[in-house]
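Engineer: File my_file_8.cif follows (mmCIF, C-alpha atoms):
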data_data
#
loop_
_atom_site.label_atom_id
_atom_site.label_comp_id
_atom_site.auth_asym_id
_atom_site.auth_seq_id
_atom_site.Cartn_x
_atom_site.Cartn_y
_atom_site.Cartn_z
CA MET P 1 0.00 0.00 0.00
CA THR P 2 2.78 2.41 0.85
CA ALA P 3 4.24 1.99 -2.62
CA THR P 4 0.86 2.63 -4.16
CA LEU P 5 0.36 5.82 -2.14
CA ASP P 6 3.52 7.05 -3.80
CA GLY P 7 2.03 6.44 -7.21
CA ASP P 8 3.25 2.97 -8.21
CA GLY P 9 0.48 1.89 -10.58
CA ALA P 10 1.58 -1.73 -11.05
CA ALA P 11 1.80 -2.31 -7.31
CA TYR P 12 -1.57 -0.66 -6.89
CA ARG P 13 -3.12 -2.94 -9.47
CA ARG P 14 -1.76 -6.04 -7.71
CA LEU P 15 -3.03 -4.71 -4.39
CA LEU P 16 -6.53 -4.05 -5.71
CA GLU P 17 -6.65 -7.50 -7.29
CA ARG P 18 -5.70 -9.16 -4.03
CA LEU P 19 -8.16 -7.00 -2.12
CA SER P 20 -11.00 -7.81 -4.44
CA ALA P 21 -10.48 -11.52 -3.89
CA HIS P 22 -10.67 -11.02 -0.12
CA LEU P 23 -13.56 -8.62 -0.29
CA ARG P 24 -15.55 -10.79 -2.66
CA SER P 25 -15.57 -13.70 -0.28
CA TYR P 26 -16.12 -11.38 2.67
CA TYR P 27 -19.20 -9.84 1.06
CA ARG P 28 -20.55 -13.17 -0.15
CA GLY P 29 -20.35 -14.59 3.35
CA ARG P 30 -21.88 -11.55 5.00
CA LEU P 31 -24.66 -11.19 2.46
CA ALA P 32 -25.54 -14.85 2.77
CA ARG P 33 -25.68 -14.51 6.54
CA ALA P 34 -27.94 -11.49 6.17
CA GLY P 35 -30.23 -13.56 3.98
CA ARG P 36 -29.33 -11.66 0.83
CA GLY P 37 -28.45 -12.91 -2.58
CA ALA P 38 -24.77 -13.23 -3.39
CA PHE P 39 -25.33 -11.34 -6.64
CA GLU P 40 -25.15 -8.11 -4.65
CA ALA P 41 -21.58 -8.92 -3.67
CA GLU P 42 -20.01 -7.73 -6.92
CA ASP P 43 -21.77 -4.35 -6.69
CA LEU P 44 -20.67 -3.94 -3.13
CA LEU P 45 -17.14 -4.99 -3.95
CA GLN P 46 -16.89 -2.35 -6.66
CA GLU P 47 -18.40 0.25 -4.39
CA ALA P 48 -15.81 -0.63 -1.75
CA LEU P 49 -12.92 -0.50 -4.23
CA LEU P 50 -13.95 2.97 -5.35
CA ALA P 51 -14.30 4.04 -1.73
CA ILE P 52 -10.88 2.64 -0.86
CA HIS P 53 -9.43 4.48 -3.83
CA THR P 54 -11.04 7.86 -3.23
CA ARG P 55 -10.44 7.75 0.53
CA ARG P 56 -6.94 6.33 0.47
CA HIS P 57 -5.54 9.55 1.90
CA THR P 58 -7.18 8.58 5.20
CA TYR P 59 -4.89 5.58 5.57
CA ASP P 60 -2.30 6.32 8.23
CA ARG P 61 1.01 4.75 7.16
CA ALA P 62 1.92 4.09 10.78
CA GLU P 63 -1.09 1.81 11.18
CA LEU P 64 -1.93 -1.62 9.83
CA PHE P 65 -3.53 -1.69 6.42
CA THR P 66 -5.97 -4.58 6.85
CA PRO P 67 -8.09 -3.10 9.69
CA TRP P 68 -8.36 0.14 7.75
CA MET P 69 -9.50 -1.65 4.64
CA TYR P 70 -12.01 -3.85 6.47
CA ALA P 71 -13.40 -0.84 8.35
CA ILE P 72 -14.30 0.64 4.97
CA ALA P 73 -15.63 -2.69 3.74
CA ARG P 74 -17.80 -3.12 6.82
CA TYR P 75 -19.03 0.47 6.64
CA LYS P 76 -20.10 -0.01 3.03
CA LEU P 77 -21.77 -3.33 3.88
CA ILE P 78 -23.81 -1.86 6.73
CA ASP P 79 -24.71 1.16 4.64
CA HIS P 80 -25.80 -1.12 1.82
CA LEU P 81 -27.89 -3.39 4.05
CA ARG P 82 -29.59 -0.43 5.67
CA ARG P 83 -30.30 1.25 2.38
CA THR P 84 -31.68 -1.77 0.64
CA ASN P 85 -33.37 -3.24 3.67
CA ALA P 86 -36.15 -5.47 2.42
CA SER P 87 -36.37 -3.52 -0.81
CA ARG P 88 -34.93 -6.30 -2.93
CA GLY P 89 -36.52 -9.64 -3.53
CA ASP P 90 -34.73 -12.59 -2.03
CA VAL P 91 -33.21 -15.13 -4.31
CA PRO P 92 -34.20 -18.72 -3.59
CA ILE P 93 -31.33 -20.82 -2.28
CA GLU P 94 -31.22 -23.07 -5.36
CA ASP P 95 -30.71 -20.12 -7.68
CA ALA P 96 -28.18 -18.48 -5.42
CA ASP P 97 -25.90 -21.44 -5.86
CA GLU P 98 -26.00 -21.06 -9.57
CA LEU P 99 -25.30 -17.37 -9.35
CA THR P 100 -22.21 -17.84 -7.26
CA SER P 101 -20.73 -20.92 -8.84
CA HIS P 102 -19.10 -19.25 -11.80
CA ALA P 103 -18.63 -15.85 -10.31
CA ASP P 104 -15.38 -15.92 -8.47
CA HIS P 105 -12.89 -13.87 -10.43
CA ASP P 106 -12.51 -10.30 -11.54
CA GLY P 107 -14.13 -10.95 -14.87
CA VAL P 108 -17.49 -10.92 -13.17
CA GLU P 109 -19.95 -8.33 -14.33
CA SER P 110 -21.71 -6.20 -11.72
CA SER P 111 -24.98 -4.43 -12.29
CA ILE P 112 -23.12 -1.12 -12.19
CA ASP P 113 -22.78 0.48 -15.60
CA LEU P 114 -19.60 2.51 -15.93
CA GLY P 115 -20.93 4.39 -18.93
CA ARG P 116 -24.05 5.45 -17.12
CA LEU P 117 -22.06 6.42 -14.05
CA MET P 118 -19.76 8.54 -16.19
CA ALA P 119 -22.64 10.14 -18.04
CA ARG P 120 -23.85 11.69 -14.80
CA LEU P 121 -20.61 13.61 -14.31
CA PRO P 122 -19.98 17.12 -15.59
CA ALA P 123 -18.27 17.13 -19.01
CA ARG P 124 -14.88 18.28 -17.70
CA MET P 125 -14.70 15.40 -15.24
CA GLN P 126 -15.84 12.94 -17.90
CA ARG P 127 -13.13 14.04 -20.27
CA ALA P 128 -10.43 14.04 -17.61
CA ILE P 129 -11.32 10.51 -16.48
CA GLN P 130 -11.69 9.26 -20.04
CA TYR P 131 -8.23 10.48 -21.07
CA VAL P 132 -6.27 9.76 -17.94
CA LYS P 133 -7.92 6.73 -16.38
CA LEU P 134 -9.47 4.91 -19.34
CA ASP P 135 -7.28 5.82 -22.31
CA GLY P 136 -4.18 5.90 -20.14
CA LEU P 137 -2.84 9.19 -21.45
CA SER P 138 -0.35 11.06 -19.34
CA VAL P 139 -1.69 14.04 -17.45
CA ALA P 140 0.29 16.39 -19.69
CA GLU P 141 -1.13 14.79 -22.83
CA ALA P 142 -4.67 14.84 -21.46
CA ALA P 143 -4.31 18.48 -20.52
CA ARG P 144 -3.25 19.34 -24.07
CA ARG P 145 -6.07 17.41 -25.62
CA ALA P 146 -8.78 18.69 -23.30
CA GLY P 147 -7.49 22.24 -23.31
CA MET P 148 -7.15 22.33 -19.55
CA THR P 149 -4.18 22.93 -17.30
CA GLU P 150 -2.47 19.89 -15.80
CA SER P 151 -3.60 20.66 -12.30
CA SER P 152 -7.14 21.13 -13.52
CA VAL P 153 -6.99 17.68 -15.15
CA LYS P 154 -5.81 16.16 -11.87
CA ILE P 155 -8.50 17.91 -9.89
CA ASN P 156 -11.19 16.82 -12.33
CA VAL P 157 -10.05 13.21 -12.19
CA HIS P 158 -10.04 13.30 -8.42
CA ARG P 159 -13.43 14.98 -8.10
CA GLY P 160 -14.89 12.79 -10.81
CA LEU P 161 -13.91 9.59 -9.04
CA LYS P 162 -15.30 10.93 -5.80
CA ALA P 163 -18.54 11.84 -7.49
CA MET P 164 -18.71 8.36 -9.03
CA SER P 165 -18.10 6.83 -5.64
CA ALA P 166 -21.01 8.83 -4.26
CA ALA P 167 -23.27 8.12 -7.23
CA ILE P 168 -22.64 4.38 -7.15
CA ARG P 169 -24.98 4.03 -4.21
CA PRO P 170 -28.38 3.38 -5.65
CA GLU P 171 -31.03 5.68 -4.34
CA GLY P 172 -32.96 4.23 -1.48
CA LYS P 173 -34.07 5.18 1.95
CA SER P 174 -31.28 6.64 3.95
CA MET S 1 -18.95 -3.25 -15.29
CA LYS S 2 -16.41 -5.97 -14.67
CA THR S 3 -14.32 -5.64 -11.55
CA ASP S 4 -11.06 -5.91 -13.45
CA GLU S 5 -12.14 -3.01 -15.66
CA LEU S 6 -12.63 -0.96 -12.54
CA ILE S 7 -9.27 -2.04 -11.14
CA GLY S 8 -7.61 -1.20 -14.43
CA MET S 9 -9.18 2.22 -14.42
CA LEU S 10 -8.26 2.98 -10.82
CA SER S 11 -4.66 1.87 -11.21
CA THR S 12 -4.01 3.73 -14.47
CA ASN S 13 -1.93 6.85 -13.86
CA VAL S 14 -2.48 6.55 -10.14
CA GLU S 15 -1.74 9.81 -8.38
CA THR S 16 0.54 10.11 -5.38
CA VAL S 17 -1.24 10.77 -2.14
CA ASP S 18 -0.39 13.69 0.07
CA ARG S 19 0.00 12.14 3.49
CA ARG S 20 -0.83 15.34 5.30
CA GLN S 21 -3.96 16.08 3.33
CA MET S 22 -6.36 14.98 6.03
CA SER S 23 -4.83 16.82 8.94
CA ARG S 24 -4.33 19.91 6.83
CA THR S 25 -7.99 20.05 5.82
CA LEU S 26 -9.05 19.59 9.41
CA ALA S 27 -6.58 22.15 10.70
CA ARG S 28 -7.79 24.69 8.17
CA ALA S 29 -11.41 24.19 9.21
CA ILE S 30 -10.56 24.49 12.90
CA VAL S 31 -8.48 27.65 12.50
CA LEU S 32 -11.18 29.24 10.39
CA GLY S 33 -13.83 28.17 12.90
CA ALA S 34 -11.77 29.64 15.73
CA LEU S 35 -11.48 32.95 13.89
CA VAL S 36 -15.23 33.06 13.35
CA ALA S 37 -15.86 32.34 17.03
CA LEU S 38 -13.35 34.99 18.12
CA ALA S 39 -14.91 37.53 15.80
CA ALA S 40 -18.35 36.68 17.16
CA GLY S 41 -17.16 37.22 20.74
CA LEU S 42 -15.08 40.32 20.10
CA ILE S 43 -16.94 42.11 17.35
CA VAL S 44 -20.55 40.94 17.25
CA LEU S 45 -21.09 40.62 21.01
CA GLY S 46 -18.23 42.96 21.89
CA GLY S 47 -15.18 42.04 23.92
CA ARG S 48 -15.34 42.78 27.62
CA THR S 49 -13.88 46.14 28.48
CA ASP S 50 -13.22 45.51 32.15
CA VAL S 51 -10.26 43.15 31.85
CA GLY S 52 -8.02 45.71 33.52
CA GLY S 53 -8.70 44.19 36.93
CA ASN S 54 -6.79 41.13 38.01
CA ALA S 55 -9.90 39.16 38.87
CA ALA S 56 -11.59 39.77 35.55
CA LEU S 57 -8.44 38.90 33.65
CA GLY S 58 -7.96 35.76 35.74
CA PHE S 59 -11.48 34.52 35.09
CA THR S 60 -11.20 35.19 31.38
CA VAL S 61 -7.98 33.23 31.28
CA ILE S 62 -9.56 30.32 33.18
CA LYS S 63 -12.51 30.27 30.79
CA LEU S 64 -10.17 30.32 27.81
CA ILE S 65 -8.02 27.52 29.21
CA PHE S 66 -11.13 25.45 29.88
CA ALA S 67 -12.55 26.01 26.40
CA MET S 68 -9.25 25.37 24.69
CA THR S 69 -8.57 22.17 26.61
CA VAL S 70 -12.01 20.91 25.64
CA THR S 71 -11.29 21.77 22.01
CA ALA S 72 -7.82 20.26 21.97
CA LEU S 73 -8.94 16.92 23.41
CA ALA S 74 -11.92 16.79 21.08
CA VAL S 75 -9.69 17.50 18.07
CA PHE S 76 -7.34 14.73 19.11
CA TYR S 77 -10.13 12.16 19.15
CA LEU S 78 -11.84 13.61 16.11
CA ILE S 79 -8.72 13.03 13.99
CA ARG S 80 -8.87 9.38 14.99
CA SER S 81 -12.58 9.10 14.40
CA ALA S 82 -12.25 10.61 10.95
CA ARG S 83 -10.27 7.59 9.75
CA PRO S 84 -11.90 4.26 8.93
CA GLY S 85 -11.99 2.11 12.03
CA GLY S 86 -10.16 4.81 13.95
CA SER S 87 -12.63 5.00 16.79
CA ARG S 88 -12.58 1.34 17.72
CA ARG S 89 -9.34 1.23 19.62
CA SER S 90 -9.76 4.20 21.87
CA SER S 91 -12.57 5.31 24.09
CA ALA S 92 -12.86 9.05 24.22
CA VAL S 93 -13.52 9.33 27.97
CA LEU S 94 -10.61 11.73 28.31
CA VAL S 95 -12.73 14.48 26.75
CA LEU S 96 -14.58 14.57 30.08
CA LEU S 97 -11.43 15.61 31.92
CA PRO S 98 -11.77 19.40 31.56
CA PHE S 99 -15.41 19.18 32.60
CA ALA S 100 -14.51 17.22 35.71
CA GLY S 101 -11.79 19.79 36.42
CA ILE S 102 -14.04 22.82 36.18
CA VAL S 103 -16.80 21.16 38.24
CA GLY S 104 -14.22 20.31 40.90
CA LEU S 105 -12.93 23.89 41.02
CA ALA S 106 -16.48 25.23 41.07
CA SER S 107 -17.41 23.01 44.04
CA ILE S 108 -14.40 24.25 45.97
CA SER S 109 -15.21 27.88 45.31
CA LEU S 110 -18.87 27.30 46.24
CA ALA S 111 -17.88 25.57 49.46
CA TYR S 112 -15.73 28.51 50.54
CA ALA S 113 -18.18 31.21 49.52
CA PRO S 114 -20.89 32.53 51.85
CA ALA S 115 -24.18 30.72 51.20
CA VAL S 116 -25.95 33.97 50.27
CA HIS S 117 -23.75 34.30 47.22
CA SER S 118 -24.27 30.84 45.84
CA GLN S 119 -27.36 31.81 43.85
CA THR S 120 -25.51 34.61 42.05
CA MET S 121 -22.49 32.43 41.51
CA LEU S 122 -24.54 29.73 39.84
CA MET S 123 -26.88 31.80 37.74
CA GLY S 124 -25.15 35.15 37.27
CA ASP S 125 -26.99 37.75 35.18
CA GLU S 126 -25.98 36.24 31.92
CA TRP S 127 -27.03 32.62 31.98
CA LEU S 128 -29.63 33.09 29.27
CA GLU S 129 -27.23 34.98 27.06
CA CYS S 130 -24.65 32.24 27.54
CA LEU S 131 -27.18 29.51 26.89
CA LEU S 132 -28.07 31.10 23.56
CA SER S 133 -24.73 32.50 22.46
CA ILE S 134 -22.52 29.43 22.67
CA PRO S 135 -24.74 27.16 20.54
CA ILE S 136 -25.39 29.92 18.02
CA ILE S 137 -21.72 30.89 17.67
CA ALA S 138 -20.95 27.17 17.30
CA VAL S 139 -22.97 26.82 14.10
CA VAL S 140 -20.31 28.09 11.69
CA PRO S 141 -17.37 26.21 13.28
CA PHE S 142 -19.54 23.08 13.30
CA ALA S 143 -20.31 23.40 9.61
CA LEU S 144 -16.62 23.91 8.83
CA VAL S 145 -15.50 20.93 10.90
CA VAL S 146 -18.21 18.70 9.43
CA TRP S 147 -17.12 19.73 5.96
CA ALA S 148 -13.54 18.74 6.80
CA VAL S 149 -14.56 15.40 8.32
CA ARG S 150 -16.60 14.64 5.22
CA GLN S 151 -13.36 14.81 3.21
CA ALA S 152 -12.06 12.01 5.41
CA ALA S 153 -13.83 8.70 6.03
CA PRO S 154 -15.43 8.28 9.45
CA THR S 155 -17.01 4.89 10.00
CA HIS S 156 -18.67 5.66 13.32
CA LEU S 157 -20.79 8.61 12.30
CA ARG S 158 -22.54 9.29 15.58
CA ARG S 159 -19.28 9.49 17.44
CA ALA S 160 -17.54 11.58 14.78
CA GLY S 161 -20.56 13.91 14.76
CA ALA S 162 -20.49 14.25 18.55
CA LEU S 163 -16.78 15.05 18.50
CA ALA S 164 -17.31 17.61 15.74
CA GLY S 165 -20.01 19.19 17.93
CA LEU S 166 -17.64 19.18 20.89
CA VAL S 167 -14.91 20.89 18.88
CA ALA S 168 -17.38 23.52 17.68
CA GLY S 169 -18.75 24.01 21.21
CA GLY S 170 -15.24 24.44 22.60
CA LEU S 171 -14.28 26.99 19.94
CA SER S 172 -17.51 28.85 20.47
CA ALA S 173 -17.04 28.93 24.25
CA ALA S 174 -13.57 30.39 23.77
CA GLY S 175 -15.03 33.14 21.60
CA TYR S 176 -17.85 33.80 24.03
CA ALA S 177 -15.42 33.95 26.95
CA LEU S 178 -14.00 37.15 25.50
CA HIS S 179 -17.37 38.80 25.95
CA CYS S 180 -18.76 37.10 29.05
CA THR S 181 -18.52 39.06 32.32
CA ALA S 182 -19.95 36.40 34.62
CA ASP S 183 -16.91 35.89 36.80
CA SER S 184 -17.61 32.81 38.83
CA LEU S 185 -16.42 29.25 38.48
CA PRO S 186 -19.81 27.65 39.21
CA PHE S 187 -21.27 29.72 36.37
CA VAL S 188 -18.63 28.40 33.97
CA ALA S 189 -19.08 24.86 35.27
CA ILE S 190 -22.82 24.88 34.66
CA TRP S 191 -23.45 27.11 31.68
CA TYR S 192 -20.28 26.67 29.66
CA SER S 193 -20.23 22.91 30.20
CA GLY S 194 -23.97 22.61 29.63
CA THR S 195 -23.99 24.51 26.37
CA ILE S 196 -20.89 22.72 25.08
CA MET S 197 -22.61 19.43 25.83
CA LEU S 198 -25.68 20.64 23.96
CA CYS S 199 -23.47 21.21 20.94
CA THR S 200 -22.05 17.70 21.36
CA LEU S 201 -25.51 16.21 21.54
CA ALA S 202 -26.60 18.09 18.44
CA GLY S 203 -23.50 16.80 16.66
CA ALA S 204 -24.26 13.22 17.69
CA LEU S 205 -27.80 13.55 16.35
CA LEU S 206 -26.73 15.15 13.08
CA GLY S 207 -23.63 13.03 12.50
CA PRO S 208 -25.28 10.02 10.82
CA ARG S 209 -27.06 12.34 8.37
CA LEU S 210 -24.31 14.82 7.63
CA LEU S 211 -21.29 12.56 7.55
CA ARG S 212 -22.49 9.69 5.34
CA TRP S 213 -20.26 8.87 2.40
#
Spell out the structure here as structure tokens.

Structural biologist:
Amino acid sequence: MTATLDGDGAAYRRLLERLSAHLRSYYRGRLARAGRGAFEAEDLLQEALLAIHTRRHTYDRAELFTPWMYAIARYKLIDHLRRTNASRGDVPIEDADELTSHADHDGVESSIDLGRLMARLPARMQRAIQYVKLDGLSVAEAARRAGMTESSVKINVHRGLKAMSAAIRPEGKS
Amino acid sequence: MKTDELIGMLSTNVETVDRRQMSRTLARAIVLGALVALAAGLIVLGGRTDVGGNAALGFTVIKLIFAMTVTALAVFYLIRSARPGGSRRSSAVLVLLPFAGIVGLASISLAYAPAVHSQTMLMGDEWLECLLSIPIIAVVPFALVVWAVRQAAPTHLRRAGALAGLVAGGLSAAGYALHCTADSLPFVAIWYSGTIMLCTLAGALLGPRLLRW
């Protein structure tokens, strides 16, 4: 994690991949215990990954990483359960098995649509995220192409991801 | 969206993280909140003009020390509570320390004072003004601190809200102390503590709504 806070993308990718394996089984287990369908796990996992990313400045390097990460995971789980309390139909046990059996790697599709999430952002944030995070352009390149300053590109990426993290929660009772 | 798409997106051109970002945001909000509270005490209400006397100066200093100790302890625990899982390892009972201190001092001064004075010492002429001023002055600092905590990631919202209320109440009491002419320890023990606790309670009630992320 420390390496990733300093901007090591490859290390960050490996970290997120490992985390998502842990979190997937964590959420599956918890959702099953709460009597929910495991299909919600992938949504929650993605919500948690975005939260971990946009709030990573709150990780204190002097502390252990795992408790920090699970505190976020638990917070998002409780928030999710509260929000969707009894508002979703339960999946019968027989079907749940089928849903989970082939859904245990990062190729799994969640019900979250990246395109729709992006479409809700202001145009500047959309462009900044598209260039820097999806097309993989350097910040300097993205700034040239979007006609913004470099710091404005960075700010728009940052704010955009935060806005996506907030928008990922489906509307429900609070 | 597939999870590996998301991971790919998040890890592309990942930005370095400023490790002081959180404390800087919080510090900015607290300093700004303190300035607002000071301005409210000195300019809006008007600073006390009788601080020439030793007694008046002494009481003002005691009030300020009390309010600032409350604030400092609350800030210490708030920084912890603003991080995920940060509130689990420590109970925040220490925030009660300044309150216990002022109540202790007030009891001593009541015990040594003639009984006829106790009514004035407890109520003063300004209790209503104090009861209203401290919570009202606290509104702006509270909003600032809540804004700062929202940039972090509290996972125990009620507690983080209460601590934000306590910080705001402490700052507000410090500002009000510059105006307040009720020079008695029992007055401070009852009305300052009471109003600061009101702010804390309000924060605890509002926390879960205001701090969700």

Engineer: Could the residues of chain P within 7 Å of chain S, counting all atoms listed in the file, be given as an MDAnalysis selection string, please?

Structural biologist: chainID P and resid 5:7 9 12:13 16 46 55 57:58 67:68 71:72 75 106:114 132:134 136 166

Engineer: As an exercise, work out the distance from CA of Leu185 (chain S) to CA of Leu105 (chain S) in Å and give it to one decimal place.

Structural biologist: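 It comes out at 6.9 Å.
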
Engineer: Tell me which residues the PyMOL selection byres ((chain P and resi 142-154) around 12) grabs here, as an NGL selection string.

Structural biologist: (:P and (123-141 or 155-161)) or (:S and (13-16))

Engineer: Find the residue from P:Leu117, P:Arg83, P:Leu45, P:Arg36 that sits nearest to Glu17 (chain P); use all atoms listed in the file when measuring.

Structural biologist: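 The closest residue to Glu17 (chain P) is P:Leu45.
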
Engineer: Given the file above and the PyMOL selection byres ((chain S and resi 199) around 12), which residues are selected, and can you give them as a PyMOL selection string?

Structural biologist: chain S and resi 131-143+161-173+192-198+200-207

Engineer: May I ask for the distance between CA of Ala92 (chain S) and CA of Phe66 (chain S), given in Å to one decimal place?

Structural biologist: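 Taking CA of Ala92 (chain S) and CA of Phe66 (chain S), their separation equals 17.4 Å.
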
Engineer: Given the file above and the PyMOL selection byres ((chain S and resi 95-97) around 10), which residues are selected, and can you give them as a list in words?

Structural biologist: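 So the PyMOL selection byres ((chain S and resi 95-97) around 10), applied here, picks out Thr69, Val70, Thr71, Ala72, Leu73, Ala74, Val75, Phe76, Tyr77, Ser91, Ala92, Val93, Leu94, Pro98, Phe99, Ala100, Gly101, Ile102, Val103, Leu163 and Leu166 of chain S.
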
Engineer: Pick from P:Glu47, P:Ala38, P:Thr66, P:Thr2: nearest to Leu19 (chain P), with only C-alpha atoms counted?

Structural biologist: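 Selected residue with least distance to Leu19 (chain P): P:Thr66.
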
Engineer: To one decimal in Å, tell me the separation between CA of Ala48 (chain P) and CA of Arg28 (chain P).

Structural biologist: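 CA of Arg28 (chain P) lies 13.5 Å from CA of Ala48 (chain P).
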
Engineer: Write out as an MDAnalysis selection string the residues lying within 10 Å of region 118-120 of chain S, counting only C-alpha atoms and excluding same-chain residues fewer than 2 positions away.

Structural biologist: chainID S and resid 109:111 113:116 122:125 182 184 186:187

Engineer: Would you kindly identify which residues have an atom no farther than 12 Å from (-17.2, 36.5, 36.3), using all atoms listed in the file and the file's own coordinates, and write them out as a PDB file with C-alpha atoms, in the frame of the given file?

Structural biologist:
ATOM      1  CA  ARG S  48     -15.340  42.780  27.620  1.00  0.00           C
ATOM      2  CA  ASP S  50     -13.220  45.510  32.150  1.00  0.00           C
ATOM      3  CA  VAL S  51     -10.260  43.150  31.850  1.00  0.00           C
ATOM      4  CA  GLY S  53      -8.700  44.190  36.930  1.00  0.00           C
ATOM      5  CA  ASN S  54      -6.790  41.130  38.010  1.00  0.00           C
ATOM      6  CA  ALA S  55      -9.900  39.160  38.870  1.00  0.00           C
ATOM      7  CA  ALA S  56     -11.590  39.770  35.550  1.00  0.00           C
ATOM      8  CA  LEU S  57      -8.440  38.900  33.650  1.00  0.00           C
ATOM      9  CA  GLY S  58      -7.960  35.760  35.740  1.00  0.00           C
ATOM     10  CA  PHE S  59     -11.480  34.520  35.090  1.00  0.00           C
ATOM     11  CA  THR S  60     -11.200  35.190  31.380  1.00  0.00           C
ATOM     12  CA  VAL S  61      -7.980  33.230  31.280  1.00  0.00           C
ATOM     13  CA  ILE S  62      -9.560  30.320  33.180  1.00  0.00           C
ATOM     14  CA  LYS S  63     -12.510  30.270  30.790  1.00  0.00           C
ATOM     15  CA  THR S 120     -25.510  34.610  42.050  1.00  0.00           C
ATOM     16  CA  MET S 121     -22.490  32.430  41.510  1.00  0.00           C
ATOM     17  CA  LEU S 122     -24.540  29.730  39.840  1.00  0.00           C
ATOM     18  CA  MET S 123     -26.880  31.800  37.740  1.00  0.00           C
ATOM     19  CA  GLY S 124     -25.150  35.150  37.270  1.00  0.00           C
ATOM     20  CA  ASP S 125     -26.990  37.750  35.180  1.00  0.00           C
ATOM     21  CA  GLU S 126     -25.980  36.240  31.920  1.00  0.00           C
ATOM     22  CA  TRP S 127     -27.030  32.620  31.980  1.00  0.00           C
ATOM     23  CA  ALA S 177     -15.420  33.950  26.950  1.00  0.00           C
ATOM     24  CA  LEU S 178     -14.000  37.150  25.500  1.00  0.00           C
ATOM     25  CA  HIS S 179     -17.370  38.800  25.950  1.00  0.00           C
ATOM     26  CA  CYS S 180     -18.760  37.100  29.050  1.00  0.00           C
ATOM     27  CA  THR S 181     -18.520  39.060  32.320  1.00  0.00           C
ATOM     28  CA  ALA S 182     -19.950  36.400  34.620  1.00  0.00           C
ATOM     29  CA  ASP S 183     -16.910  35.890  36.800  1.00  0.00           C
ATOM     30  CA  SER S 184     -17.610  32.810  38.830  1.00  0.00           C
ATOM     31  CA  LEU S 185     -16.420  29.250  38.480  1.00  0.00           C
ATOM     32  CA  PRO S 186     -19.810  27.650  39.210  1.00  0.00           C
ATOM     33  CA  PHE S 187     -21.270  29.720  36.370  1.00  0.00           C
ATOM     34  CA  VAL S 188     -18.630  28.400  33.970  1.00  0.00           C
ATOM     35  CA  ALA S 189     -19.080  24.860  35.270  1.00  0.00           C
TER      36      ALA S 189
END
